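Below: the structure, in structure tokens.
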Amino acid sequence: MPLGQRAGDKSESRYCGMEVLDFPAGEELPAVLSQSLSSAFDFLLAPLVDPGYRPAPGAVLPVAASDLVLSPSQWSSHIVGKISEWIDLDSEDEQLRLDSEVTLKQEIAWASHLSLQACVLPPPKRSSCANYARVVNHILQGLTNMQLWLRIPLEKSEPMDEEHDEAKNNSNMTLGYGGIHFDYYVGCSLIRSTLPSMNSLGRWFGEPVRAAILQTNAFLTNSRGYPCLSKRHQMLLTGFFNHSVQVIISGRSNHNISQVGLLSGDENHTEDTSVRHALGPYLEYIAYIYQRMDPLPEQERFEINYRDFLQSPLQPLMDNLEAQTYETFEKDTVKYSQYQRAIAKALVDRVSDDEVSTIKTVLMVVGAGRGPLVRASLQAAEETGRKLKVYAVEKNPNAVITLHSLIKLEGWESLVTIISSDMRCWDAPEKADILVSELLGSFGDNELSPECLDGAQRFLKPDGISIPSSYTSFIEPITASKLHNDIKAHKDIAHFETAYVVKLHRVARLAPTQKVFTFDHPNTSSNPSNQRYTKLQFEIPEDTGSCLVHGFAGYFDAVLYKDVHLGIEPNTATPNMFSWFPIFFPLRKPIHVPSKSPIEVHFWRCCGSTKVWYEWAVTAPSPSPIHNSNGRSYWVGL
Ligand SMILES: C[S@@+](CC[C@H](N)C(=O)[O-])C[C@H]1O[C@@H](n2cnc3c(N)ncnc32)[C@H](O)[C@@H]1O
């Protein structure tokens, strides 16, 4: 039975299994399974083969249970195979090495025969693990439906030396374990009583972790004698739940509870412990932690299906947006109320209270779409008592049709003039006091706001105001193995040289964001070019340890007017605004960043006669190719 419902989370359920520690000899498995299921566990992590087995000519594999003892659906829904712990694929002892390889392949073949969904591999036993990688890669090539989960301790453990620990941090679909790459792997992290720093733990959220193995000795005991977890363990667990990770409880019970009260707080409730599973109290605690998690905010719930889904950025200049795209924007009331605040402030600055009856401000909405910024402008005028004359300039003829019906419907005919034209070539009959636009992409300038507004600046009065008055892009390095794998599935370079709009979820943010490019409007600089180049150095906090960078998450922040801003940069993001997801600039090859090594990255904004594009490259700690040279894979049309 899944761990119950977290309020407001209709996404997939979270499950909890338990590890079977002893080899279930004599076909005990069905009994162990039925006892666990009736105690509300969902699945077992169970050994498949007698650990005493070593291959020998003619030997029959001593399996834990015949395939007949459970139905095929029971095998596949309720058993995760535990591969024998003794297997040592890089042993100096040749016989042990060969036996290990044969046994591993036999166990995997048996697990496939049973249609198990996954098997857990013990981690490599030594830092030099080339043979482990070779054998696992062989097996992976032949697997279609079964996953291999690699058990990795969260914190440094005894058999793992420094090199190993580094390798573990590279865990990824192309896992660099001791410098060796695996073709595919998903992780399983082992949670013990001590935890590394939060920064170090955060890296796991960018990894393909499928299960958290929670040891019983990681639990504390509360005043009533029940198992509970430290605050940090609880935070880690809720973080994993947020990333759809399931839990496996491992170890013997350290809590012999004679009188059991329900965790709902019902102190009087008691149960007969004779029928109670020894690990039951741990499971109840895990379910309690899951169920009491805060409900997902409405916006997160709305965006759940977009998580880690790569989308091509819009090209509103080159393409004409569709009605449903406009409709989505128009629902973002927060965006328009920020604009309205900015416009109101600009109107008041422009026309003093004494002048309100004599001066009419000329305001041009350039890129008016279906009119929401026209509405925000008129509302700002009403709110401030300023007189306004509005031009709505739009190059999409379909949106212009809607604009015409809107002004009729709203009775704005005397206030608003609709201009069906590209702002870059419109011959304006008069100059504007205020130019209002929203031509911003997730990376600020990536929908070519600078180029469009440079074209519109001709009809802004010399002392006129542009809303926005500036915007800045930001990036931060991230671990994002899911995004990397999704891009890799295209099997070409072009997809690795493309920027994507994506609701980032399974990612680890490795360092604070830094500014990339800023554009000011009106553009009064002596060098009016919109080409840019920036070199940035990111320091990853020391307690993060080494990590893998799959690319850079990008954001923007725009100053609309004075202190009114709008943006998605995580530290200053406008709350409850949903018009923009972050942008992601991938790297062709993930870059391993050892602890204490800075990352040096270069970004270029390049402009041609028909297109604008970005190029990017990493130069430290190791160089990457220049991505998207000459805009060969990804560009924005002018
Ligand atoms: C991101 S949409 C914003 C629309 C509307 N202001 C809103 O907030 O819903 C940008 C709009 O600008 C228009 N646009 C882009 N470049 C333009 C140009 N050079 N001249 C006129 N309109 C342009 C697009 O067609 C699109 O309708």
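Just so we're on the same page: first chain in the structure tokens is A, next is B, and so on; residues restart at 1 for each chain, and ligands are numbered from 1 in the order they show up.
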
(request) Please provide the set of residues having any atom within 12 Å of Arg605 of chain A, restricted to only C-alpha atoms, with same-chain residues fewer than 4 positions apart removed, written as a VMD selection string. (result) chain A and resid 443 445 to 446 448 450 473 516 to 519 529 to 535 611 to 616 628 to 631 635 to 636

Include N, CA and C atoms and write out the residues we just selected as a PDB file, in the first residue's frame.
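And here is the file that came out, result-v2.pdb:
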```pdb
ATOM      1  N   PHE A 443      15.596  34.095 -20.677  1.00  0.00           N
ATOM      2  CA  PHE A 443      16.955  34.585 -20.486  1.00  0.00           C
ATOM      3  C   PHE A 443      16.991  36.100 -20.752  1.00  0.00           C
ATOM      4  N   ASP A 445      16.967  38.673 -22.833  1.00  0.00           N
ATOM      5  CA  ASP A 445      17.086  39.179 -24.206  1.00  0.00           C
ATOM      6  C   ASP A 445      16.880  38.120 -25.285  1.00  0.00           C
ATOM      7  N   ASN A 446      16.559  36.876 -24.922  1.00  0.00           N
ATOM      8  CA  ASN A 446      16.577  35.804 -25.926  1.00  0.00           C
ATOM      9  C   ASN A 446      15.382  35.801 -26.872  1.00  0.00           C
ATOM     10  N   LEU A 448      14.739  38.623 -28.370  1.00  0.00           N
ATOM     11  CA  LEU A 448      15.201  39.761 -29.172  1.00  0.00           C
ATOM     12  C   LEU A 448      14.516  41.076 -28.821  1.00  0.00           C
ATOM     13  N   PRO A 450      16.058  43.445 -27.233  1.00  0.00           N
ATOM     14  CA  PRO A 450      16.980  44.561 -27.533  1.00  0.00           C
ATOM     15  C   PRO A 450      16.856  45.026 -28.977  1.00  0.00           C
ATOM     16  N   SER A 473      20.336  38.981 -17.616  1.00  0.00           N
ATOM     17  CA  SER A 473      20.255  37.514 -17.559  1.00  0.00           C
ATOM     18  C   SER A 473      21.211  37.000 -16.490  1.00  0.00           C
ATOM     19  N   VAL A 516      24.833  37.734 -16.405  1.00  0.00           N
ATOM     20  CA  VAL A 516      25.478  37.470 -17.693  1.00  0.00           C
ATOM     21  C   VAL A 516      25.447  38.746 -18.556  1.00  0.00           C
ATOM     22  N   PHE A 517      24.286  39.102 -19.084  1.00  0.00           N
ATOM     23  CA  PHE A 517      24.199  40.282 -19.958  1.00  0.00           C
ATOM     24  C   PHE A 517      23.122  41.238 -19.426  1.00  0.00           C
ATOM     25  N   THR A 518      23.377  42.539 -19.574  1.00  0.00           N
ATOM     26  CA  THR A 518      22.361  43.539 -19.221  1.00  0.00           C
ATOM     27  C   THR A 518      22.072  44.421 -20.439  1.00  0.00           C
ATOM     28  N   PHE A 519      20.820  44.754 -20.627  1.00  0.00           N
ATOM     29  CA  PHE A 519      20.419  45.695 -21.691  1.00  0.00           C
ATOM     30  C   PHE A 519      19.614  46.824 -21.059  1.00  0.00           C
ATOM     31  N   SER A 529      25.920  48.336 -30.022  1.00  0.00           N
ATOM     32  CA  SER A 529      25.830  46.934 -30.433  1.00  0.00           C
ATOM     33  C   SER A 529      25.165  46.071 -29.355  1.00  0.00           C
ATOM     34  N   ASN A 530      24.431  45.100 -29.803  1.00  0.00           N
ATOM     35  CA  ASN A 530      23.816  44.147 -28.871  1.00  0.00           C
ATOM     36  C   ASN A 530      24.628  42.861 -28.752  1.00  0.00           C
ATOM     37  N   GLN A 531      25.817  42.838 -29.313  1.00  0.00           N
ATOM     38  CA  GLN A 531      26.704  41.688 -29.113  1.00  0.00           C
ATOM     39  C   GLN A 531      27.239  41.794 -27.690  1.00  0.00           C
ATOM     40  N   ARG A 532      27.458  40.648 -27.076  1.00  0.00           N
ATOM     41  CA  ARG A 532      27.967  40.652 -25.708  1.00  0.00           C
ATOM     42  C   ARG A 532      28.916  39.481 -25.517  1.00  0.00           C
ATOM     43  N   TYR A 533      29.815  39.655 -24.570  1.00  0.00           N
ATOM     44  CA  TYR A 533      30.672  38.531 -24.160  1.00  0.00           C
ATOM     45  C   TYR A 533      30.889  38.643 -22.659  1.00  0.00           C
ATOM     46  N   THR A 534      30.744  37.549 -21.952  1.00  0.00           N
ATOM     47  CA  THR A 534      30.992  37.545 -20.504  1.00  0.00           C
ATOM     48  C   THR A 534      31.734  36.279 -20.116  1.00  0.00           C
ATOM     49  N   LYS A 535      32.709  36.455 -19.251  1.00  0.00           N
ATOM     50  CA  LYS A 535      33.409  35.289 -18.666  1.00  0.00           C
ATOM     51  C   LYS A 535      33.073  35.269 -17.175  1.00  0.00           C
ATOM     52  N   LYS A 611      19.857  36.707 -37.842  1.00  0.00           N
ATOM     53  CA  LYS A 611      19.634  35.914 -36.618  1.00  0.00           C
ATOM     54  C   LYS A 611      20.535  36.381 -35.482  1.00  0.00           C
ATOM     55  N   VAL A 612      20.133  36.004 -34.276  1.00  0.00           N
ATOM     56  CA  VAL A 612      20.926  36.247 -33.066  1.00  0.00           C
ATOM     57  C   VAL A 612      21.097  34.888 -32.411  1.00  0.00           C
ATOM     58  N   TRP A 613      22.265  34.618 -31.837  1.00  0.00           N
ATOM     59  CA  TRP A 613      22.461  33.322 -31.195  1.00  0.00           C
ATOM     60  C   TRP A 613      23.452  33.445 -30.047  1.00  0.00           C
ATOM     61  N   TYR A 614      23.464  32.411 -29.205  1.00  0.00           N
ATOM     62  CA  TYR A 614      24.445  32.353 -28.119  1.00  0.00           C
ATOM     63  C   TYR A 614      25.452  31.262 -28.433  1.00  0.00           C
ATOM     64  N   GLU A 615      26.680  31.491 -27.977  1.00  0.00           N
ATOM     65  CA  GLU A 615      27.673  30.422 -27.954  1.00  0.00           C
ATOM     66  C   GLU A 615      28.140  30.332 -26.511  1.00  0.00           C
ATOM     67  N   TRP A 616      28.533  29.152 -26.089  1.00  0.00           N
ATOM     68  CA  TRP A 616      29.001  29.003 -24.710  1.00  0.00           C
ATOM     69  C   TRP A 616      30.064  27.912 -24.633  1.00  0.00           C
ATOM     70  N   ASN A 628      27.568  25.609 -30.157  1.00  0.00           N
ATOM     71  CA  ASN A 628      26.731  26.377 -31.091  1.00  0.00           C
ATOM     72  C   ASN A 628      27.535  27.406 -31.888  1.00  0.00           C
ATOM     73  N   SER A 629      28.707  26.971 -32.328  1.00  0.00           N
ATOM     74  CA  SER A 629      29.585  27.864 -33.077  1.00  0.00           C
ATOM     75  C   SER A 629      28.847  28.439 -34.295  1.00  0.00           C
ATOM     76  N   ASN A 630      28.893  29.739 -34.434  1.00  0.00           N
ATOM     77  CA  ASN A 630      28.253  30.437 -35.557  1.00  0.00           C
ATOM     78  C   ASN A 630      26.738  30.194 -35.621  1.00  0.00           C
ATOM     79  N   GLY A 631      26.161  29.832 -34.500  1.00  0.00           N
ATOM     80  CA  GLY A 631      24.715  29.594 -34.446  1.00  0.00           C
ATOM     81  C   GLY A 631      24.277  28.412 -35.295  1.00  0.00           C
ATOM     82  N   TRP A 635      19.379  29.261 -32.982  1.00  0.00           N
ATOM     83  CA  TRP A 635      19.434  30.706 -33.197  1.00  0.00           C
ATOM     84  C   TRP A 635      18.025  31.269 -33.108  1.00  0.00           C
ATOM     85  N   VAL A 636      17.935  32.568 -32.986  1.00  0.00           N
ATOM     86  CA  VAL A 636      16.644  33.239 -32.918  1.00  0.00           C
ATOM     87  C   VAL A 636      16.568  34.164 -34.132  1.00  0.00           C
TER      88      VAL A 636
END
```

(request) Could you report the residues within 6 Å of ligand 1, using only C-alpha atoms and all ligand atoms, as JSON, numbers by chain? (result) {"A": [316, 317, 320, 326, 329, 330, 366, 367, 368, 369, 372, 373, 393, 394, 395, 396, 421, 422, 423, 424, 438, 439, 452]}

Pull C-alpha atoms from the residues just selected and write them as a PDB file, in the first residue's frame.
```
ATOM      1  CA  PRO A 316       7.613  35.529 -31.094  1.00  0.00           C
ATOM      2  CA  LEU A 317       9.467  37.746 -33.551  1.00  0.00           C
ATOM      3  CA  ASN A 320       3.262  34.428 -34.874  1.00  0.00           C
ATOM      4  CA  TYR A 326      -1.619  34.401 -25.602  1.00  0.00           C
ATOM      5  CA  PHE A 329       0.176  34.650 -20.746  1.00  0.00           C
ATOM      6  CA  GLU A 330      -2.995  36.563 -20.073  1.00  0.00           C
ATOM      7  CA  VAL A 366       4.881  47.854 -28.644  1.00  0.00           C
ATOM      8  CA  GLY A 367       4.129  44.159 -29.093  1.00  0.00           C
ATOM      9  CA  ALA A 368       0.596  44.556 -27.718  1.00  0.00           C
ATOM     10  CA  GLY A 369      -0.498  40.964 -28.387  1.00  0.00           C
ATOM     11  CA  PRO A 372      -3.411  42.998 -21.684  1.00  0.00           C
ATOM     12  CA  LEU A 373      -0.734  45.704 -21.428  1.00  0.00           C
ATOM     13  CA  VAL A 393       1.555  48.283 -32.075  1.00  0.00           C
ATOM     14  CA  GLU A 394       1.485  44.612 -33.014  1.00  0.00           C
ATOM     15  CA  LYS A 395       3.038  42.721 -35.920  1.00  0.00           C
ATOM     16  CA  ASN A 396       0.950  39.528 -35.580  1.00  0.00           C
ATOM     17  CA  SER A 421       3.051  46.795 -38.014  1.00  0.00           C
ATOM     18  CA  ASP A 422       6.472  45.646 -36.980  1.00  0.00           C
ATOM     19  CA  MET A 423       7.715  48.264 -34.506  1.00  0.00           C
ATOM     20  CA  ARG A 424      11.096  48.306 -36.259  1.00  0.00           C
ATOM     21  CA  GLU A 438       7.001  42.735 -22.886  1.00  0.00           C
ATOM     22  CA  LEU A 439       9.292  41.003 -25.335  1.00  0.00           C
ATOM     23  CA  CYS A 452      13.022  45.323 -31.355  1.00  0.00           C
TER      24      CYS A 452
END
```

With segment 11-25 of chain A as the partner and 10 Å as the cut-off, tabulate the residues of segment 266-367 of chain A that qualify, each row holding the nearest pair of atoms and their distance in Å to one decimal, using only C-alpha atoms, sorted by chain and rising number, as CSV.
```
residue,atom,partner,partner_atom,distance
A:Leu279,CA,A:Met18,CA,8.2
A:Leu283,CA,A:Cys16,CA,7.3
A:Ile286,CA,A:Cys16,CA,8.2
A:Ala287,CA,A:Cys16,CA,8.5
A:Tyr290,CA,A:Arg14,CA,8.5
A:Arg301,CA,A:Ser11,CA,8.8
A:Ile304,CA,A:Ser11,CA,7.8
A:Asn305,CA,A:Ser11,CA,8.9
```

Can I get the selection written as an mmCIF file, in the first residue's frame, with C-alpha atoms?
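part37.cif, freshly written:
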```cif
data_model
loop_
_atom_site.group_PDB
_atom_site.id
_atom_site.type_symbol
_atom_site.label_atom_id
_atom_site.label_comp_id
_atom_site.auth_asym_id
_atom_site.auth_seq_id
_atom_site.Cartn_x
_atom_site.Cartn_y
_atom_site.Cartn_z
ATOM 1 C CA LEU A 279 9.790 -2.901 11.112
ATOM 2 C CA LEU A 283 7.137 2.279 8.162
ATOM 3 C CA ILE A 286 7.898 7.202 7.163
ATOM 4 C CA ALA A 287 4.228 7.342 6.121
ATOM 5 C CA TYR A 290 5.123 11.819 3.880
ATOM 6 C CA ARG A 301 0.549 21.547 -8.878
ATOM 7 C CA ILE A 304 3.787 19.357 -12.293
ATOM 8 C CA ASN A 305 3.456 17.926 -15.790
#
```

(request) May I ask which of the residues A:Leu321, A:Ala432, A:Leu104, A:Ile257 is the closest one to Arg458 of chain A, counting only C-alpha atoms? (result)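 Using only C-alpha atoms, the shortest distance to Arg458 of chain A belongs to A:Ala432.
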
(message) I'd like the neighbourhood of Tyr336 of chain A as a VMD selection string, where a residue qualifies if any of its atoms comes within 12 Å (using only C-alpha atoms), though same-chain residues fewer than 2 positions away should be ignored.
(response) chain A and resid 329 to 334 338 to 343 371 to 380 436 to 438 560 564 to 566 574 577 to 579

Please produce an output containing N, CA and C atoms for each residue in the selection, written as a tab-separated table (two decimals), in the first residue's frame.
```tsv
chain	number	residue	atom	x	y	z
A	329	PHE	N	-0.44	33.43	-21.30
A	329	PHE	CA	0.18	34.65	-20.75
A	329	PHE	C	-0.85	35.46	-19.98
A	330	GLU	N	-2.02	35.61	-20.60
A	330	GLU	CA	-3.00	36.56	-20.07
A	330	GLU	C	-3.53	36.16	-18.70
A	331	LYS	N	-3.34	34.87	-18.36
A	331	LYS	CA	-3.81	34.43	-17.03
A	331	LYS	C	-2.85	34.86	-15.92
A	332	ASP	N	-1.67	35.33	-16.32
A	332	ASP	CA	-0.66	35.65	-15.31
A	332	ASP	C	-0.89	37.06	-14.78
A	333	THR	N	-1.85	37.16	-13.86
A	333	THR	CA	-2.26	38.49	-13.38
A	333	THR	C	-1.11	39.21	-12.67
A	334	VAL	N	-0.22	38.45	-12.06
A	334	VAL	CA	0.88	39.08	-11.31
A	334	VAL	C	1.74	39.92	-12.26
A	338	GLN	N	2.31	44.05	-11.98
A	338	GLN	CA	3.62	44.69	-11.86
A	338	GLN	C	3.75	45.78	-12.93
A	339	TYR	N	3.32	45.47	-14.14
A	339	TYR	CA	3.38	46.48	-15.21
A	339	TYR	C	2.51	47.69	-14.84
A	340	GLN	N	1.32	47.39	-14.32
A	340	GLN	CA	0.42	48.51	-13.98
A	340	GLN	C	1.06	49.41	-12.93
A	341	ARG	N	1.72	48.80	-11.94
A	341	ARG	CA	2.40	49.59	-10.89
A	341	ARG	C	3.49	50.47	-11.52
A	342	ALA	N	4.27	49.84	-12.43
A	342	ALA	CA	5.37	50.58	-13.05
A	342	ALA	C	4.83	51.74	-13.90
A	343	ILE	N	3.78	51.46	-14.67
A	343	ILE	CA	3.22	52.50	-15.55
A	343	ILE	C	2.65	53.64	-14.69
A	371	GLY	N	-3.74	42.57	-26.08
A	371	GLY	CA	-4.16	43.77	-25.35
A	371	GLY	C	-4.00	43.86	-23.84
A	372	PRO	N	-3.44	42.87	-23.14
A	372	PRO	CA	-3.41	43.00	-21.68
A	372	PRO	C	-2.58	44.18	-21.18
A	373	LEU	N	-1.53	44.56	-21.90
A	373	LEU	CA	-0.73	45.70	-21.43
A	373	LEU	C	-1.44	47.02	-21.76
A	374	VAL	N	-2.31	47.00	-22.77
A	374	VAL	CA	-3.13	48.18	-23.06
A	374	VAL	C	-4.09	48.39	-21.88
A	375	ARG	N	-4.66	47.28	-21.45
A	375	ARG	CA	-5.59	47.36	-20.32
A	375	ARG	C	-4.85	47.85	-19.06
A	376	ALA	N	-3.66	47.29	-18.81
A	376	ALA	CA	-2.89	47.69	-17.62
A	376	ALA	C	-2.56	49.18	-17.69
A	377	SER	N	-2.27	49.69	-18.90
A	377	SER	CA	-1.92	51.11	-19.06
A	377	SER	C	-3.13	51.99	-18.76
A	378	LEU	N	-4.29	51.59	-19.31
A	378	LEU	CA	-5.49	52.41	-19.08
A	378	LEU	C	-5.88	52.39	-17.60
A	379	GLN	N	-5.69	51.23	-16.98
A	379	GLN	CA	-6.03	51.16	-15.55
A	379	GLN	C	-5.09	52.03	-14.72
A	380	ALA	N	-3.79	52.05	-15.12
A	380	ALA	CA	-2.82	52.90	-14.40
A	380	ALA	C	-3.20	54.37	-14.55
A	436	VAL	N	5.90	50.94	-23.69
A	436	VAL	CA	5.71	49.76	-22.83
A	436	VAL	C	5.84	48.51	-23.69
A	437	SER	N	6.64	47.56	-23.23
A	437	SER	CA	6.79	46.33	-24.01
A	437	SER	C	6.99	45.15	-23.07
A	438	GLU	N	6.66	43.98	-23.58
A	438	GLU	CA	7.00	42.74	-22.89
A	438	GLU	C	7.43	41.76	-23.97
A	560	LEU	N	11.28	47.17	-14.38
A	560	LEU	CA	10.24	47.78	-15.21
A	560	LEU	C	10.36	49.29	-15.13
A	564	VAL	N	10.20	48.96	-9.36
A	564	VAL	CA	9.27	47.90	-9.74
A	564	VAL	C	9.98	46.93	-10.69
A	565	HIS	N	10.13	45.72	-10.24
A	565	HIS	CA	10.82	44.76	-11.10
A	565	HIS	C	9.96	43.52	-11.29
A	566	LEU	N	10.47	42.67	-12.17
A	566	LEU	CA	9.73	41.45	-12.48
A	566	LEU	C	10.77	40.44	-12.97
A	574	THR	N	9.70	37.07	-8.84
A	574	THR	CA	8.38	37.64	-8.53
A	574	THR	C	7.46	36.50	-8.12
A	577	MET	N	4.26	34.22	-10.23
A	577	MET	CA	4.21	34.58	-11.65
A	577	MET	C	4.59	33.31	-12.43
A	578	PHE	N	3.84	33.00	-13.47
A	578	PHE	CA	4.13	31.70	-14.12
A	578	PHE	C	4.41	31.81	-15.62
A	579	SER	N	4.64	33.02	-16.12
A	579	SER	CA	4.83	33.16	-17.57
A	579	SER	C	6.14	32.57	-18.07
```

(message) Between A:Leu3, A:Cys119, A:Leu154, A:Val209, which residue has the minimum interatomic distance to Ser193 of chain A, considering only C-alpha atoms?
(response)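 For Ser193 of chain A, the nearest of the given residues is A:Leu154.
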
(message) Neighbouring residues of Glu28 of chain A were defined as those with any atom within 12 Å, considering only C-alpha atoms; residues of the same chain fewer than 2 positions away were excluded. Please report them as a PyMOL selection string.
(response) chain A and resi 20+22-26+30-35+46-47+63-66+69-70

Okay, now the selection with N, CA and C atoms, as a compact mmCIF listing (two decimals), in the first residue's frame?
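Saved file part_26.txt follows:
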```txt
# COMPACT_ATOMS: atom_id res chain seq x y z
N VAL A 20 15.23 -7.69 2.90
CA VAL A 20 15.29 -9.00 3.56
C VAL A 20 16.77 -9.27 3.81
N ASP A 22 18.30 -11.85 5.68
CA ASP A 22 18.81 -13.23 5.63
C ASP A 22 18.28 -13.92 4.39
N PHE A 23 19.08 -14.86 3.91
CA PHE A 23 18.65 -15.62 2.74
C PHE A 23 17.40 -16.41 3.11
N PRO A 24 16.31 -16.18 2.41
CA PRO A 24 15.06 -16.87 2.78
C PRO A 24 15.09 -18.33 2.33
N ALA A 25 15.73 -19.14 3.17
CA ALA A 25 15.94 -20.53 2.78
C ALA A 25 14.62 -21.29 2.79
N GLY A 26 14.61 -22.39 2.07
CA GLY A 26 13.46 -23.31 2.11
C GLY A 26 12.18 -22.65 1.64
N PRO A 30 7.47 -16.57 -0.03
CA PRO A 30 6.05 -16.18 -0.06
C PRO A 30 5.53 -15.77 1.32
N ALA A 31 5.99 -16.48 2.36
CA ALA A 31 5.51 -16.15 3.70
C ALA A 31 6.04 -14.78 4.13
N VAL A 32 7.33 -14.53 3.85
CA VAL A 32 7.93 -13.23 4.21
C VAL A 32 7.20 -12.11 3.46
N LEU A 33 6.91 -12.38 2.20
CA LEU A 33 6.23 -11.35 1.40
C LEU A 33 4.83 -11.08 1.93
N SER A 34 4.10 -12.17 2.21
CA SER A 34 2.72 -11.90 2.60
C SER A 34 2.66 -11.21 3.97
N GLN A 35 3.60 -11.55 4.85
CA GLN A 35 3.63 -10.86 6.14
C GLN A 35 3.95 -9.37 5.95
N ALA A 46 15.06 -8.41 -1.90
CA ALA A 46 15.34 -9.76 -1.40
C ALA A 46 16.48 -10.41 -2.17
N PRO A 47 17.34 -11.17 -1.45
CA PRO A 47 18.39 -11.91 -2.15
C PRO A 47 17.75 -12.94 -3.08
N VAL A 63 18.67 -20.92 -6.10
CA VAL A 63 17.85 -19.71 -5.98
C VAL A 63 17.06 -19.70 -4.68
N ALA A 64 16.69 -18.49 -4.25
CA ALA A 64 15.97 -18.35 -2.98
C ALA A 64 14.60 -19.02 -3.06
N ALA A 65 14.00 -18.95 -4.22
CA ALA A 65 12.67 -19.53 -4.36
C ALA A 65 12.43 -19.84 -5.82
N SER A 66 11.73 -20.89 -6.07
CA SER A 66 11.39 -21.24 -7.45
C SER A 66 10.49 -20.15 -8.03
N VAL A 69 6.70 -20.09 -6.89
CA VAL A 69 6.11 -19.78 -5.57
C VAL A 69 5.37 -18.44 -5.56
N LEU A 70 5.69 -17.58 -6.51
CA LEU A 70 4.94 -16.32 -6.61
C LEU A 70 4.42 -16.21 -8.03
```

(request) From a DSSP pass on the backbone, collect the residues of segment 176-422 of chain A flagged as alpha helix (DSSP H) and hand them back as a ChimeraX atom specification. (result) /A:198-202,231-242,280-291,298-302,323-330,333-350,372-384,397-410

(request) Give the answer as one residue: which of A:Leu314, A:Asp563, A:Tyr288, A:Glu303 has the shortest atom-to-atom distance to Gln5 of chain A, using only C-alpha atoms? (result)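 Closest residue, counting only C-alpha atoms: A:Tyr288.
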
(request) One decimal, Å: what's the distance from atom CA of Val593 of chain A over to atom CA of Ala617 of chain A, could you say? (result)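 Separation between atom CA of Val593 of chain A and atom CA of Ala617 of chain A: 14.8 Å.
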
(request) Would you work out the distance separating atom CA of Pro227 of chain A from atom CA of Glu284 of chain A, expressed in Å to one decimal? (result)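 That distance, rounded to one decimal, is 9.4 Å.
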
(message) For a quick check of understanding, using only C-alpha atoms, which of A:Met364, A:Leu148, A:Leu403, A:Val60 has the smallest distance to Leu388 of chain A?
(response)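 Nearest to Leu388 of chain A: A:Met364.
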
(request) Please provide as number ranges by chain all residues within 8 Å of Val549 of chain A, with the sequence filter that same-chain residues fewer than 4 positions apart are discarded (counting only C-alpha atoms). (result) A: 477-480, 590-593

(request) For atom CA of Ser597 of chain A and atom CA of Glu539 of chain A, quote the distance in Å rounded to one decimal. (result)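 Rounded to one decimal, the two atoms are 7.1 Å apart.
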
Would you mind listing what lies within 7 Å of segment 123-126 of chain A as a CSV table (one decimal) with N, CA and C atoms, in the first residue's frame, with only C-alpha atoms counted and same-chain residues fewer than 5 positions away left out?
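File out33.csv, as written:
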```csv
chain,number,residue,atom,x,y,z
A,88,ASP,N,32.8,-9.5,-6.3
A,88,ASP,CA,33.9,-8.6,-6.3
A,88,ASP,C,34.6,-8.7,-7.7
A,132,TYR,N,34.3,-4.0,-13.2
A,132,TYR,CA,32.9,-3.8,-12.7
A,132,TYR,C,32.2,-3.1,-13.8
A,150,LEU,N,22.3,1.0,-8.3
A,150,LEU,CA,23.6,0.9,-7.7
A,150,LEU,C,23.5,1.5,-6.3
A,151,ARG,N,23.9,0.7,-5.3
A,151,ARG,CA,23.7,1.2,-3.9
A,151,ARG,C,24.9,2.1,-3.5
A,152,ILE,N,24.7,3.3,-3.2
A,152,ILE,CA,25.7,4.2,-2.9
A,152,ILE,C,25.5,4.9,-1.6
```
